[in-house]
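A.B. asks: I am attaching a structure below and will ask some questions about it afterwards.
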Amino acid sequence: MARIATGSNRPRAMLNLPNLLTLSRILVIPPMVAAFYLDKNWANIIACVLFVGASLTDFFDGYLARSWSQQSDIGRFLDPVADKLLVAAAILMLVAFGRLGGFQVLAALVILCREILVSGLREFLAELRVGVPVSRLAKWKTGIQMTAIGLLLLGESGPEWLSADSVGAALLWIAAGLTLITGYDYLRDGLKHMSTTSVSTHHREAAPAPTVTKIRASEPGGA
């Protein structure tokens, strides 16, 4: 009976507040995308509000999970996935509707390529049981990137004094520059660790589970 009760409580434990906040970043993607097709000023404002609100949950889900001791495997899995889906969806829609064009697309391309690179490295290093701590520079990069995308989503629907398009484009280039720095930092330390880890698959399966180590890296909180 005790085992059944424990198993039945597991789904409920997975749907705690921190995990629900993480899931909300995925759930806002469809209405945010739909706002592009409405082609109205108020629709741009809604898309901006949805994106900014979802971006703020990236801080609160991690903070609450640590404070309430509700960290879970599904939370650690969903957090970076939700961030990347939200950013990729917003950037692709901005490009598709011509609100991000010319050389600005290069900045967006750098950001997207880095996200794919980091995802691949993180997955590989996870197999080696290597932890990936977050650097302060990466957190700044994430904050600037989210602000830039939010302003670009707002676009001409914002007040004139804000110059949302111009400021958003400038911040996007800054975020792209920080992306190159933090991405290189992550790749360098990741490759350094790989070069010193010459363990075969057979040996890893036969040997006792190694202690989780940490390398200095630049993955943004959840991004």
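Following the order of the structure tokens, first chain is A, next is B, and so on, with residues numbered from 1 inside each chain and ligands from 1 in the order they appear.
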Pull the closest atom pair for each residue of region 134-196 of chain A that gets at most 12 Å from region 81-85 of chain A, along with the distance in Å to one decimal, counting only C-alpha atoms, ordering rows by chain and then ascending residue number, as a Markdown table.

C.D. replies:
| residue | atom | partner | partner_atom | distance |
| --- | --- | --- | --- | --- |
| A:Thr142 | CA | A:Asp83 | CA | 9.9 |
| A:Gln145 | CA | A:Asp83 | CA | 11.5 |
| A:Met146 | CA | A:Asp83 | CA | 10.1 |

A.B. asks: Take the selection from the previous step and output its residues with N, CA and C atoms, as a CSV table (one decimal), in the first residue's frame.

C.D. replies:
chain,number,residue,atom,x,y,z
A,142,THR,N,21.6,36.8,-20.8
A,142,THR,CA,20.2,36.4,-20.9
A,142,THR,C,19.3,37.5,-20.6
A,145,GLN,N,19.3,39.8,-23.7
A,145,GLN,CA,18.7,39.1,-24.8
A,145,GLN,C,17.2,39.1,-24.7
A,146,MET,N,16.7,38.9,-23.5
A,146,MET,CA,15.2,38.9,-23.3
A,146,MET,C,14.6,40.3,-23.4

A.B. asks: Nearest to Asp73 (chain A) among A:Asp61, A:Asn19, A:Pro31, A:Phe97, with distances taken over only C-alpha atoms: which residue is it?

C.D. replies: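 Closest to Asp73 (chain A), using only C-alpha atoms: A:Asn19.
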
A.B. asks: Give me the residues near Leu86 (chain A) as a ChimeraX atom specification, where near means some atom within 9 Å (using only C-alpha atoms) and where sequence neighbours in that chain fewer than 5 positions away do not count.

C.D. replies: /A:25-26,28-29,51,54-55,81,91

A.B. asks: Would you mind telling me which residue in A:Ala34, A:Ile174, A:Val167, A:Leu27 lies nearest to Lys141 (chain A) when using only C-alpha atoms?

C.D. replies: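 Nearest to Lys141 (chain A): A:Ile174.
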
A.B. asks: With only C-alpha atoms as the basis for distance, which of A:Asn16, A:Asn41, A:Thr179, A:Ser119 is at the shortest distance from Leu64 (chain A)?

C.D. replies: A:Asn16

A.B. asks: Could you give me, as a PyMOL selection string, the residues within 9 Å of Thr57 (chain A), counting only C-alpha atoms and dropping anything in the same chain fewer than 3 positions from it?

C.D. replies: chain A and resi 18+21-22+24-25+52-54+60-62

A.B. asks: So, counting only C-alpha atoms, which residue among A:Leu78, A:Ile116, A:Ala175, A:Leu121 is closest to Leu23 (chain A)?

C.D. replies: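 For Leu23 (chain A), the nearest of the given residues is A:Leu78.
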
A.B. asks: Where does DSSP see alpha helix (DSSP H) in region 89-127 of chain A, if you list the residues as a PyMOL selection string?

C.D. replies: chain A and resi 89-96+104-127

A.B. asks: Nearest to Ala138 (chain A): which of A:Leu152, A:Leu117, A:Ala176, A:Leu112 is it, counting only C-alpha atoms?

C.D. replies: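 Of the candidates, the smallest distance to Ala138 (chain A) is held by A:Ala176.
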
A.B. asks: Between A:Met32, A:Ile149, A:Leu187, A:Leu137, which is the closest to Ala108 (chain A) once you count only C-alpha atoms?

C.D. replies: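 When distances to Ala108 (chain A) are compared using only C-alpha atoms, the smallest one comes from A:Ile149.
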
A.B. asks: Tell me, in Å to one decimal, how far CA of Glu115 (chain A) is from CA of Gly183 (chain A).

C.D. replies: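 Distance reported for this atom pair: 8.6 Å.
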